[in-house]
Amino acid sequence: MGVNVAVVGVTGAVGTEMLRVLERRNFPVDEIRPLASSRSAGKNITFHGKEIQIQTLTTDSFEGINIGLFSAGGKISREFVPYAIEKNCVVVDNTSAFRMDDDVPLVVPEVNADKIAEHKGIIANPNCSTIQLVQVLKPIHAVAKIKRVVISTYQAVSGAGLKALDELKKETEHVLSNDGEYNRNVFPHQIAFNVLPQIPQSDAFLSNGYTEEEMKMINETKKNSGRQIFTYNHNHRKGTSI
Ligand SMILES: NC(=O)c1ccc[n+]([C@@H]2O[C@H](COP(=O)([O-])OP(=O)(O)OC[C@H]3O[C@@H](n4cnc5c(N)ncnc54)[C@H](OP(=O)(O)O)[C@@H]3O)[C@@H](O)[C@H]2O)c1
């Protein structure tokens, strides 16, 4: 017997990949409910070879749904997750909306799958860099207690969504054709053939000199480890040291 799964943000870079992973793993799905904004109304997604119409996300979207995979940004999660829970839908939230809430388990299955049982309707996953980091730290920590970690991360443009990917493609073509100034909308500076020390839109510099993304790695790793086993050093400006 399968379950009914809603994917919120199904047209996005992450939502599209969620569908592919559900297919690839043969996740036992009875009904898949693709949800996005009204901009996507009328469009279709393909799931296991079948075309399914995308529905506009509303407060009534979760009737009969067992699992809701949310990946449409923190604002959307904060607004719509309560309606999903009201319908007994278990939410797996990929945004930063609930990650640091005390009663929400922050789970990377390879590291702390046992925490899933503690959920009260929401299971959060950390940001992408933290997920990869803690999987590497866990086995090292098991054999040799880690006191301090110094990290430099280089996040892919895809982490900033489909609009960012499109900008990278167009700007790359533009730079290669040596065609004057490029009018960019997503990144504040040239991203083609470049690395920027800030993630657009979602990232901000904080009063301690770190960016929000850097602090997410520090805080989410500590929450993930269950106790504050790592220390971090504010003097390290080149990367995130936790
Ligand atoms: N944990 C991780 O590893 C990781 C990695 C990358 C991103 N993320 C997070 O995942 C989320 C999505 O990222 P993304 O890269 O997939 O972004 P994206 O490519 O820009 O896609 C955004 C998705 O959200 C939908 N959406 C926007 N406004 C909506 C609304 N009012 N109602 C319903 N759906 C709405 C969009 O639908 P339309 O097409 O209809 O506009 C689209 O499906 C973000 O919160 C991001 O921080 C997490």
# chains A, B, ... in the order shown; residues from 1 in each chain; ligands from 1
$ closest_atom_pairs --of "chain A" --to "ligand 1" --cutoff "7 Å" --atoms "only C-alpha atoms and all ligand atoms" --output "JSON lines"
{"residue": "A:Val8", "atom": "CA", "partner": "ligand 1", "partner_atom_place_in_ligand_line": "34 (N)", "distance": 6.2}
{"residue": "A:Gly9", "atom": "CA", "partner": "ligand 1", "partner_atom_place_in_ligand_line": "43 (O)", "distance": 3.2}
{"residue": "A:Val10", "atom": "CA", "partner": "ligand 1", "partner_atom_place_in_ligand_line": "43 (O)", "distance": 4.6}
{"residue": "A:Thr11", "atom": "CA", "partner": "ligand 1", "partner_atom_place_in_ligand_line": "43 (O)", "distance": 3.7}
{"residue": "A:Gly12", "atom": "CA", "partner": "ligand 1", "partner_atom_place_in_ligand_line": "21 (O)", "distance": 3.2}
{"residue": "A:Ala13", "atom": "CA", "partner": "ligand 1", "partner_atom_place_in_ligand_line": "16 (O)", "distance": 3.8}
{"residue": "A:Val14", "atom": "CA", "partner": "ligand 1", "partner_atom_place_in_ligand_line": "16 (O)", "distance": 3.7}
{"residue": "A:Gly15", "atom": "CA", "partner": "ligand 1", "partner_atom_place_in_ligand_line": "16 (O)", "distance": 5.6}
{"residue": "A:Leu35", "atom": "CA", "partner": "ligand 1", "partner_atom_place_in_ligand_line": "33 (C)", "distance": 6.5}
{"residue": "A:Ala36", "atom": "CA", "partner": "ligand 1", "partner_atom_place_in_ligand_line": "34 (N)", "distance": 3.6}
{"residue": "A:Ser37", "atom": "CA", "partner": "ligand 1", "partner_atom_place_in_ligand_line": "33 (C)", "distance": 3.6}
{"residue": "A:Ser38", "atom": "CA", "partner": "ligand 1", "partner_atom_place_in_ligand_line": "40 (O)", "distance": 5.9}
{"residue": "A:Arg39", "atom": "CA", "partner": "ligand 1", "partner_atom_place_in_ligand_line": "40 (O)", "distance": 4.6}
{"residue": "A:Ser40", "atom": "CA", "partner": "ligand 1", "partner_atom_place_in_ligand_line": "40 (O)", "distance": 4.2}
{"residue": "A:Thr56", "atom": "CA", "partner": "ligand 1", "partner_atom_place_in_ligand_line": "33 (C)", "distance": 6.6}
{"residue": "A:Leu57", "atom": "CA", "partner": "ligand 1", "partner_atom_place_in_ligand_line": "33 (C)", "distance": 5.1}
{"residue": "A:Ser71", "atom": "CA", "partner": "ligand 1", "partner_atom_place_in_ligand_line": "11 (C)", "distance": 4.2}
{"residue": "A:Ala72", "atom": "CA", "partner": "ligand 1", "partner_atom_place_in_ligand_line": "24 (O)", "distance": 3.4}
{"residue": "A:Gly73", "atom": "CA", "partner": "ligand 1", "partner_atom_place_in_ligand_line": "45 (O)", "distance": 3.1}
{"residue": "A:Gly74", "atom": "CA", "partner": "ligand 1", "partner_atom_place_in_ligand_line": "45 (O)", "distance": 5.2}
{"residue": "A:Ile76", "atom": "CA", "partner": "ligand 1", "partner_atom_place_in_ligand_line": "30 (C)", "distance": 6.2}
{"residue": "A:Asn94", "atom": "CA", "partner": "ligand 1", "partner_atom_place_in_ligand_line": "1 (N)", "distance": 5.1}
{"residue": "A:Thr95", "atom": "CA", "partner": "ligand 1", "partner_atom_place_in_ligand_line": "45 (O)", "distance": 4.1}
{"residue": "A:Ser96", "atom": "CA", "partner": "ligand 1", "partner_atom_place_in_ligand_line": "45 (O)", "distance": 6.6}
{"residue": "A:Asn125", "atom": "CA", "partner": "ligand 1", "partner_atom_place_in_ligand_line": "1 (N)", "distance": 6.3}
{"residue": "A:Pro126", "atom": "CA", "partner": "ligand 1", "partner_atom_place_in_ligand_line": "1 (N)", "distance": 5.6}
{"residue": "A:Asn127", "atom": "CA", "partner": "ligand 1", "partner_atom_place_in_ligand_line": "1 (N)", "distance": 3.8}
{"residue": "A:Cys128", "atom": "CA", "partner": "ligand 1", "partner_atom_place_in_ligand_line": "3 (O)", "distance": 3.2}
{"residue": "A:Ser158", "atom": "CA", "partner": "ligand 1", "partner_atom_place_in_ligand_line": "15 (O)", "distance": 6.4}
{"residue": "A:Gly159", "atom": "CA", "partner": "ligand 1", "partner_atom_place_in_ligand_line": "6 (C)", "distance": 4.3}
{"residue": "A:Ala160", "atom": "CA", "partner": "ligand 1", "partner_atom_place_in_ligand_line": "15 (O)", "distance": 5.2}
{"residue": "A:Gly161", "atom": "CA", "partner": "ligand 1", "partner_atom_place_in_ligand_line": "15 (O)", "distance": 3.2}
{"residue": "A:Leu162", "atom": "CA", "partner": "ligand 1", "partner_atom_place_in_ligand_line": "19 (O)", "distance": 4.0}
{"residue": "A:Lys163", "atom": "CA", "partner": "ligand 1", "partner_atom_place_in_ligand_line": "20 (O)", "distance": 6.2}
$ closest_atom_pairs --of "range 87-165 of chain A" --to "range 206-224 of chain A" --cutoff "9 Å" --atoms "only C-alpha atoms" --output "JSON lines"
{"residue": "A:Ser96", "atom": "CA", "partner": "A:Lys216", "partner_atom": "CA", "distance": 8.8}
{"residue": "A:Arg99", "atom": "CA", "partner": "A:Glu220", "partner_atom": "CA", "distance": 7.5}
{"residue": "A:Met100", "atom": "CA", "partner": "A:Glu220", "partner_atom": "CA", "distance": 7.2}
{"residue": "A:Pro105", "atom": "CA", "partner": "A:Asn224", "partner_atom": "CA", "distance": 8.6}
{"residue": "A:Leu106", "atom": "CA", "partner": "A:Asn224", "partner_atom": "CA", "distance": 6.3}
{"residue": "A:Val107", "atom": "CA", "partner": "A:Asn224", "partner_atom": "CA", "distance": 7.1}
{"residue": "A:Val108", "atom": "CA", "partner": "A:Asn224", "partner_atom": "CA", "distance": 8.1}
{"residue": "A:Val111", "atom": "CA", "partner": "A:Asn224", "partner_atom": "CA", "distance": 8.3}
{"residue": "A:Asn112", "atom": "CA", "partner": "A:Asn224", "partner_atom": "CA", "distance": 7.6}
{"residue": "A:Pro126", "atom": "CA", "partner": "A:Glu220", "partner_atom": "CA", "distance": 6.3}
{"residue": "A:Asn127", "atom": "CA", "partner": "A:Met217", "partner_atom": "CA", "distance": 7.4}
{"residue": "A:Ser129", "atom": "CA", "partner": "A:Met217", "partner_atom": "CA", "distance": 7.1}
{"residue": "A:Thr130", "atom": "CA", "partner": "A:Met217", "partner_atom": "CA", "distance": 5.4}
{"residue": "A:Ile131", "atom": "CA", "partner": "A:Thr221", "partner_atom": "CA", "distance": 8.6}
{"residue": "A:Leu133", "atom": "CA", "partner": "A:Thr221", "partner_atom": "CA", "distance": 8.2}
{"residue": "A:Val134", "atom": "CA", "partner": "A:Thr221", "partner_atom": "CA", "distance": 6.8}
$ closest_atom_pairs --of "range 54-131 of chain A" --to "range 23-30 of chain A" --cutoff "12 Å" --atoms "only C-alpha atoms" --output "tab-separated table"
residue	atom	partner	partner_atom	distance
A:Gly64	CA	A:Asp30	CA	11.0
A:Ile65	CA	A:Asp30	CA	10.0
A:Asn66	CA	A:Val29	CA	10.1
A:Ile67	CA	A:Val29	CA	9.9
$ write_last_selection --atoms "C-alpha atoms" --output "CSV table (one decimal), in the first residue's frame"
chain,number,residue,atom,x,y,z
A,64,GLY,CA,-6.1,13.2,2.0
A,65,ILE,CA,-2.3,13.8,1.8
A,66,ASN,CA,0.0,11.7,4.1
A,67,ILE,CA,3.4,13.3,3.4
$ residues_around --residues "Asn185 in chain A" --least-positions-apart "4" --cutoff "10 Å" --atoms "only C-alpha atoms" --output "MDAnalysis selection string"
chainID A and resid 163:164 167 189
$ select_by_dssp --residues "range 87-214 of chain A" --states "alpha helix (DSSP H)" --output "PyMOL selection string"
chain A and resi 109-112+128-143+162-176+212-214
